[in-house]
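Report on the following structure.
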Amino acid sequence: MTLPFLSALLSAERPLIMEVKARDAHGGDLLRGKAPGDLAAAYERAGAPCVSVVTGRWFGGSAGMLREVTARVDVPVLLKDFVTRHDQIAAAAEAGASAVLLTAALLPGESLHGLARECQARGLTPFVEITRAEEAVGLPHPHLCVIAVNNKDITMGERDAGDLDRSRALLPAVRAAGTLCPVSASAVSSPAVAAGLLAEGYAALLVGTALLRAPSVESWLRDFDACRVDTSAPVPATARAAEPPTGPVAEAEAAPA
């Protein structure tokens with residue numbers, strides 16, 4: 001079986017999933033007047049092998065954003081939302097998604113594995129997001145899954161600065177789980193950080209806010225290419241910010257099972 005999203009990442013010269021997101025975790029406007037479809041099309045022109053679109057309400061998203069993006073680009077698209085039900089996967093496939101986010105921290109193991117199988121049966125890549133090593137264990141057909149380490153804390157609404165040491169610590173477990181495509185996601189704050197994570201062994205990265213805030217996507221990518229030439233500098237870890245838990249976890253837990 002060939003899954004377009006996974007194949008596009010593994011064959012990409014720049015294995016960056018470029019994200020469309022309306023607001024950051026603090027409520028800041030990231031689109032700045034741009035339509036989601038226009039932004040996704042700009043990413044495609046810049047060479048994005050895949051695009052992610054955040055439809056979750058906590059980040060200002062909506063279901064319509066997925067259709068708008070898939071209508072504008074030919075590259076595979078990842079749906080990022082709190083997916084907890086099989087009908088959400090069916091809707092994502094019908095709207096043109098090629099991959100679906102499954103957040104391991106929010107799903108019992110049996111549910112996570114069942115949703116991953118549902119994705120695979122529909123030709124979608126399960127994009128399994130983890131924060132602990134045990135969450136990567138036992139996924140069905142792991143070679144058909146992306147396993148992504150979220151460097152931020154969803155219990156804090158992802159309002160912390162992120163902890164890149166989590167990606168370093170979990171990479172061996174992610175590889176041992178059997179995925180062909182370990183991904184580091186969130187808190188990829190600069191071209192230098194991105195280049196460093198790839199040099200340390202990640203197959204791909206998900207980059208959202210840093211690209212959305214960049215004055216120019218093209219200049220960010222030029223700097224990224226230059227940094228990949230020299231990746232001898234260590235990737236800086238970032239400290240976690242101390243803010244009270246709130247936000248998307250509560251929203252996800254309120255979703256019907």
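All residue names refer to the structure tokens as shown: chains lettered A, B, ... in order, residues numbered from 1 in each chain, ligands numbered from 1 in order.
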
Tell me which protein, DNA and RNA residues are within 6 Å of A:Glu19, counting only C-alpha atoms, leaving out same-chain ones fewer than 6 positions away, and put them as a list in words.
-> Val51, Ser52, Val53 and Gly208 of chain A

Go ahead and write the residues just picked, C-alpha atoms, as a compact mmCIF listing (two decimals), in the first residue's frame.
# COMPACT_ATOMS: atom_id res chain seq x y z
CA VAL A 51 0.55 21.01 4.02
CA SER A 52 -1.13 20.85 7.43
CA VAL A 53 -4.36 22.69 8.20
CA GLY A 208 3.71 26.21 11.86

Write out as a ChimeraX atom specification all residues of stretch 136-210 of chain A that backbone DSSP assigns to strand (DSSP E).
-> /A:146-150,181-185,204-207

Emit the selected residues as a PDB file, in the first residue's frame, including N, CA, C and O atoms.
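As written to disk, out05.pdb reads:
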ATOM      1  N   VAL A 146       2.905   7.883  10.415  1.00  0.00           N
ATOM      2  CA  VAL A 146       3.853   8.885  10.874  1.00  0.00           C
ATOM      3  C   VAL A 146       3.723   8.929  12.392  1.00  0.00           C
ATOM      4  O   VAL A 146       2.609   8.976  12.926  1.00  0.00           O
ATOM      5  N   ILE A 147       4.844   8.898  13.091  1.00  0.00           N
ATOM      6  CA  ILE A 147       4.826   9.112  14.537  1.00  0.00           C
ATOM      7  C   ILE A 147       5.532  10.433  14.804  1.00  0.00           C
ATOM      8  O   ILE A 147       6.706  10.600  14.458  1.00  0.00           O
ATOM      9  N   ALA A 148       4.786  11.356  15.391  1.00  0.00           N
ATOM     10  CA  ALA A 148       5.285  12.715  15.599  1.00  0.00           C
ATOM     11  C   ALA A 148       5.408  13.007  17.087  1.00  0.00           C
ATOM     12  O   ALA A 148       4.469  12.771  17.857  1.00  0.00           O
ATOM     13  N   VAL A 149       6.548  13.526  17.495  1.00  0.00           N
ATOM     14  CA  VAL A 149       6.754  13.965  18.875  1.00  0.00           C
ATOM     15  C   VAL A 149       6.326  15.421  18.979  1.00  0.00           C
ATOM     16  O   VAL A 149       6.875  16.293  18.296  1.00  0.00           O
ATOM     17  N   ASN A 150       5.323  15.672  19.823  1.00  0.00           N
ATOM     18  CA  ASN A 150       4.899  17.050  20.077  1.00  0.00           C
ATOM     19  C   ASN A 150       5.791  17.637  21.163  1.00  0.00           C
ATOM     20  O   ASN A 150       5.805  17.166  22.297  1.00  0.00           O
ATOM     21  N   CYS A 181       8.924   7.233   9.252  1.00  0.00           N
ATOM     22  CA  CYS A 181       8.958   8.697   9.213  1.00  0.00           C
ATOM     23  C   CYS A 181       8.728   9.302  10.593  1.00  0.00           C
ATOM     24  O   CYS A 181       7.632   9.763  10.910  1.00  0.00           O
ATOM     25  N   PRO A 182       9.775   9.342  11.437  1.00  0.00           N
ATOM     26  CA  PRO A 182       9.654  10.075  12.690  1.00  0.00           C
ATOM     27  C   PRO A 182       9.659  11.580  12.430  1.00  0.00           C
ATOM     28  O   PRO A 182      10.472  12.075  11.650  1.00  0.00           O
ATOM     29  N   VAL A 183       8.736  12.276  13.084  1.00  0.00           N
ATOM     30  CA  VAL A 183       8.566  13.713  12.874  1.00  0.00           C
ATOM     31  C   VAL A 183       8.695  14.431  14.203  1.00  0.00           C
ATOM     32  O   VAL A 183       8.201  13.959  15.232  1.00  0.00           O
ATOM     33  N   SER A 184       9.364  15.567  14.188  1.00  0.00           N
ATOM     34  CA  SER A 184       9.377  16.467  15.334  1.00  0.00           C
ATOM     35  C   SER A 184       8.436  17.625  15.016  1.00  0.00           C
ATOM     36  O   SER A 184       8.535  18.242  13.948  1.00  0.00           O
ATOM     37  N   ALA A 185       7.507  17.891  15.942  1.00  0.00           N
ATOM     38  CA  ALA A 185       6.455  18.863  15.664  1.00  0.00           C
ATOM     39  C   ALA A 185       6.336  19.870  16.796  1.00  0.00           C
ATOM     40  O   ALA A 185       6.471  19.513  17.971  1.00  0.00           O
ATOM     41  N   ALA A 204      11.383  14.153   9.154  1.00  0.00           N
ATOM     42  CA  ALA A 204      10.592  15.300   8.706  1.00  0.00           C
ATOM     43  C   ALA A 204      10.217  16.126   9.918  1.00  0.00           C
ATOM     44  O   ALA A 204      10.348  15.694  11.066  1.00  0.00           O
ATOM     45  N   LEU A 205       9.737  17.340   9.637  1.00  0.00           N
ATOM     46  CA  LEU A 205       9.353  18.278  10.681  1.00  0.00           C
ATOM     47  C   LEU A 205       8.024  18.913  10.325  1.00  0.00           C
ATOM     48  O   LEU A 205       7.699  19.084   9.146  1.00  0.00           O
ATOM     49  N   LEU A 206       7.261  19.282  11.364  1.00  0.00           N
ATOM     50  CA  LEU A 206       6.074  20.097  11.156  1.00  0.00           C
ATOM     51  C   LEU A 206       6.383  21.499  11.671  1.00  0.00           C
ATOM     52  O   LEU A 206       6.757  21.661  12.833  1.00  0.00           O
ATOM     53  N   VAL A 207       6.248  22.483  10.786  1.00  0.00           N
ATOM     54  CA  VAL A 207       6.583  23.870  11.129  1.00  0.00           C
ATOM     55  C   VAL A 207       5.344  24.728  10.904  1.00  0.00           C
ATOM     56  O   VAL A 207       4.803  24.772   9.795  1.00  0.00           O
TER      57      VAL A 207
END

Using only C-alpha atoms, determine which residues lie at most 6 Å from stretch 71-88 of chain A, disregarding the query and same-chain residues fewer than 3 positions distant; provide the list as a list in words.
-> Phe5, Gly37, Ala41, Cys50, Val51, Ser52, Val53, Val54, Thr55, Gly56, Arg67, Glu68, Ala91, Ala97, Ser98, Ala99, Val100, Leu101 and Ala252 of chain A

Please save all heavy atoms of the selected residues as a compact mmCIF listing (two decimals), in the first residue's frame.
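For reference, out_5.txt as written:
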# COMPACT_ATOMS: atom_id res chain seq x y z
N PHE A 5 0.59 10.91 1.59
CA PHE A 5 1.22 11.83 2.54
C PHE A 5 2.57 11.30 2.99
O PHE A 5 3.58 12.01 2.96
CB PHE A 5 0.29 12.03 3.75
CG PHE A 5 0.77 13.07 4.73
CD1 PHE A 5 0.39 14.39 4.60
CD2 PHE A 5 1.59 12.71 5.79
CE1 PHE A 5 0.82 15.35 5.51
CE2 PHE A 5 2.04 13.67 6.69
CZ PHE A 5 1.64 14.99 6.56
N GLY A 37 -6.61 29.16 1.90
CA GLY A 37 -6.28 28.55 0.61
C GLY A 37 -5.13 29.24 -0.09
O GLY A 37 -4.27 28.59 -0.70
N ALA A 41 -1.52 27.59 -0.98
CA ALA A 41 -1.00 27.63 -2.35
C ALA A 41 0.40 28.25 -2.39
O ALA A 41 1.26 27.81 -3.16
CB ALA A 41 -1.96 28.42 -3.24
N CYS A 50 4.08 18.69 1.70
CA CYS A 50 2.80 18.46 2.36
C CYS A 50 2.39 19.75 3.07
O CYS A 50 3.23 20.57 3.42
CB CYS A 50 2.89 17.35 3.42
SG CYS A 50 3.42 15.74 2.82
N VAL A 51 1.10 19.87 3.29
CA VAL A 51 0.55 21.01 4.02
C VAL A 51 -0.31 20.48 5.16
O VAL A 51 -0.99 19.46 5.02
CB VAL A 51 -0.28 21.92 3.09
CG1 VAL A 51 -1.05 22.97 3.89
CG2 VAL A 51 0.61 22.60 2.06
N SER A 52 -0.26 21.15 6.30
CA SER A 52 -1.13 20.85 7.43
C SER A 52 -2.13 21.98 7.59
O SER A 52 -1.77 23.15 7.40
CB SER A 52 -0.30 20.69 8.70
OG SER A 52 -1.11 20.70 9.86
N VAL A 53 -3.37 21.65 7.94
CA VAL A 53 -4.36 22.69 8.20
C VAL A 53 -5.01 22.39 9.55
O VAL A 53 -5.50 21.29 9.79
CB VAL A 53 -5.41 22.81 7.07
CG1 VAL A 53 -6.10 21.49 6.81
CG2 VAL A 53 -6.43 23.89 7.39
N VAL A 54 -4.96 23.38 10.45
CA VAL A 54 -5.52 23.24 11.79
C VAL A 54 -6.97 23.70 11.76
O VAL A 54 -7.24 24.89 11.59
CB VAL A 54 -4.71 24.05 12.81
CG1 VAL A 54 -5.31 23.91 14.21
CG2 VAL A 54 -3.25 23.61 12.82
N THR A 55 -7.88 22.75 11.95
CA THR A 55 -9.31 23.10 11.93
C THR A 55 -9.89 23.19 13.33
O THR A 55 -11.06 23.53 13.49
CB THR A 55 -10.10 22.06 11.12
OG1 THR A 55 -9.99 20.77 11.72
CG2 THR A 55 -9.60 21.99 9.69
N GLY A 56 -9.10 22.89 14.36
CA GLY A 56 -9.58 22.95 15.73
C GLY A 56 -9.98 24.36 16.13
O GLY A 56 -9.29 25.33 15.82
N ARG A 67 -11.53 22.01 3.41
CA ARG A 67 -12.00 21.99 2.01
C ARG A 67 -11.37 23.12 1.20
O ARG A 67 -11.02 22.94 0.03
CB ARG A 67 -13.52 22.09 1.96
CG ARG A 67 -14.24 20.84 2.44
CD ARG A 67 -15.74 20.93 2.20
NE ARG A 67 -16.42 19.75 2.67
CZ ARG A 67 -16.55 18.63 1.97
NH1 ARG A 67 -16.01 18.55 0.75
NH2 ARG A 67 -17.19 17.60 2.46
N GLU A 68 -11.23 24.29 1.82
CA GLU A 68 -10.62 25.41 1.11
C GLU A 68 -9.18 25.09 0.72
O GLU A 68 -8.75 25.39 -0.41
CB GLU A 68 -10.66 26.66 1.98
CG GLU A 68 -10.06 27.88 1.31
CD GLU A 68 -10.13 29.14 2.16
OE1 GLU A 68 -10.89 29.15 3.15
OE2 GLU A 68 -9.40 30.10 1.84
N ALA A 91 -15.19 11.90 7.21
CA ALA A 91 -15.40 13.27 6.74
C ALA A 91 -14.11 13.88 6.22
O ALA A 91 -14.11 14.60 5.21
CB ALA A 91 -15.97 14.13 7.87
N ALA A 97 -8.55 15.21 2.59
CA ALA A 97 -7.35 15.04 3.41
C ALA A 97 -6.60 13.78 3.01
O ALA A 97 -7.19 12.80 2.53
CB ALA A 97 -7.71 14.98 4.89
N SER A 98 -5.29 13.79 3.22
CA SER A 98 -4.45 12.61 2.98
C SER A 98 -3.88 12.03 4.26
O SER A 98 -3.31 10.94 4.25
CB SER A 98 -3.29 12.98 2.04
OG SER A 98 -3.77 13.34 0.77
N ALA A 99 -4.02 12.77 5.37
CA ALA A 99 -3.52 12.32 6.67
C ALA A 99 -4.38 12.94 7.75
O ALA A 99 -4.98 14.01 7.55
CB ALA A 99 -2.05 12.71 6.88
N VAL A 100 -4.44 12.27 8.90
CA VAL A 100 -5.29 12.73 10.01
C VAL A 100 -4.48 12.65 11.30
O VAL A 100 -3.86 11.63 11.60
CB VAL A 100 -6.57 11.87 10.13
CG1 VAL A 100 -7.33 12.21 11.40
CG2 VAL A 100 -7.46 12.05 8.91
N LEU A 101 -4.52 13.74 12.08
CA LEU A 101 -3.87 13.76 13.38
C LEU A 101 -4.63 12.89 14.37
O LEU A 101 -5.85 13.02 14.53
CB LEU A 101 -3.82 15.20 13.91
CG LEU A 101 -3.34 15.37 15.35
CD1 LEU A 101 -1.85 15.04 15.46
CD2 LEU A 101 -3.63 16.78 15.85
N ALA A 252 -11.29 18.76 23.78
CA ALA A 252 -11.26 17.41 23.22
C ALA A 252 -12.01 16.44 24.11
O ALA A 252 -12.73 15.57 23.62
CB ALA A 252 -9.81 16.95 23.07

Would you mind listing what lies within 12 Å of stretch 198-202 of chain A as number ranges by chain, with only C-alpha atoms counted and same-chain residues fewer than 3 positions away left out?
-> A: 9-10, 13-16, 146-149, 164-165, 167-172, 174-175, 179-185, 188, 191-195, 205-206, 224-225, 227-235

Using only C-alpha atoms, the shortest atom-to-atom distance to A:Ala116 among A:Ala22, A:Ala42, A:Leu30, A:Leu139 belongs to A:Leu139

DSSP on the backbone: what in stretch 17-163 of chain A comes out helix (DSSP H, G or I), as a PyMOL selection string?
-> chain A and resi 36-45+57-59+63-72+86-94+104-106+109-121+133-136+142-144+154-156

Shortest contact to A:Leu124, candidates A:Ser186, A:Leu102, A:Asp29, A:Ser216, atoms counted only C-alpha atoms, goes to A:Leu102

Give the answer as one residue: which of A:Val137, A:Ile130, A:Ala95, A:Val69 has the shortest atom-to-atom distance to A:His113, using only C-alpha atoms?
-> A:Val137

What's the 9 Å shell around A:Gly114, counting only C-alpha atoms, without same-chain residues fewer than 5 positions away, as JSON, numbers by chain?
-> {"A": [86, 109, 119, 140]}

Which of A:Arg23, A:Ala93, A:Ala104, A:Met1 sits closest to A:His141 [using only C-alpha atoms] | A:Met1
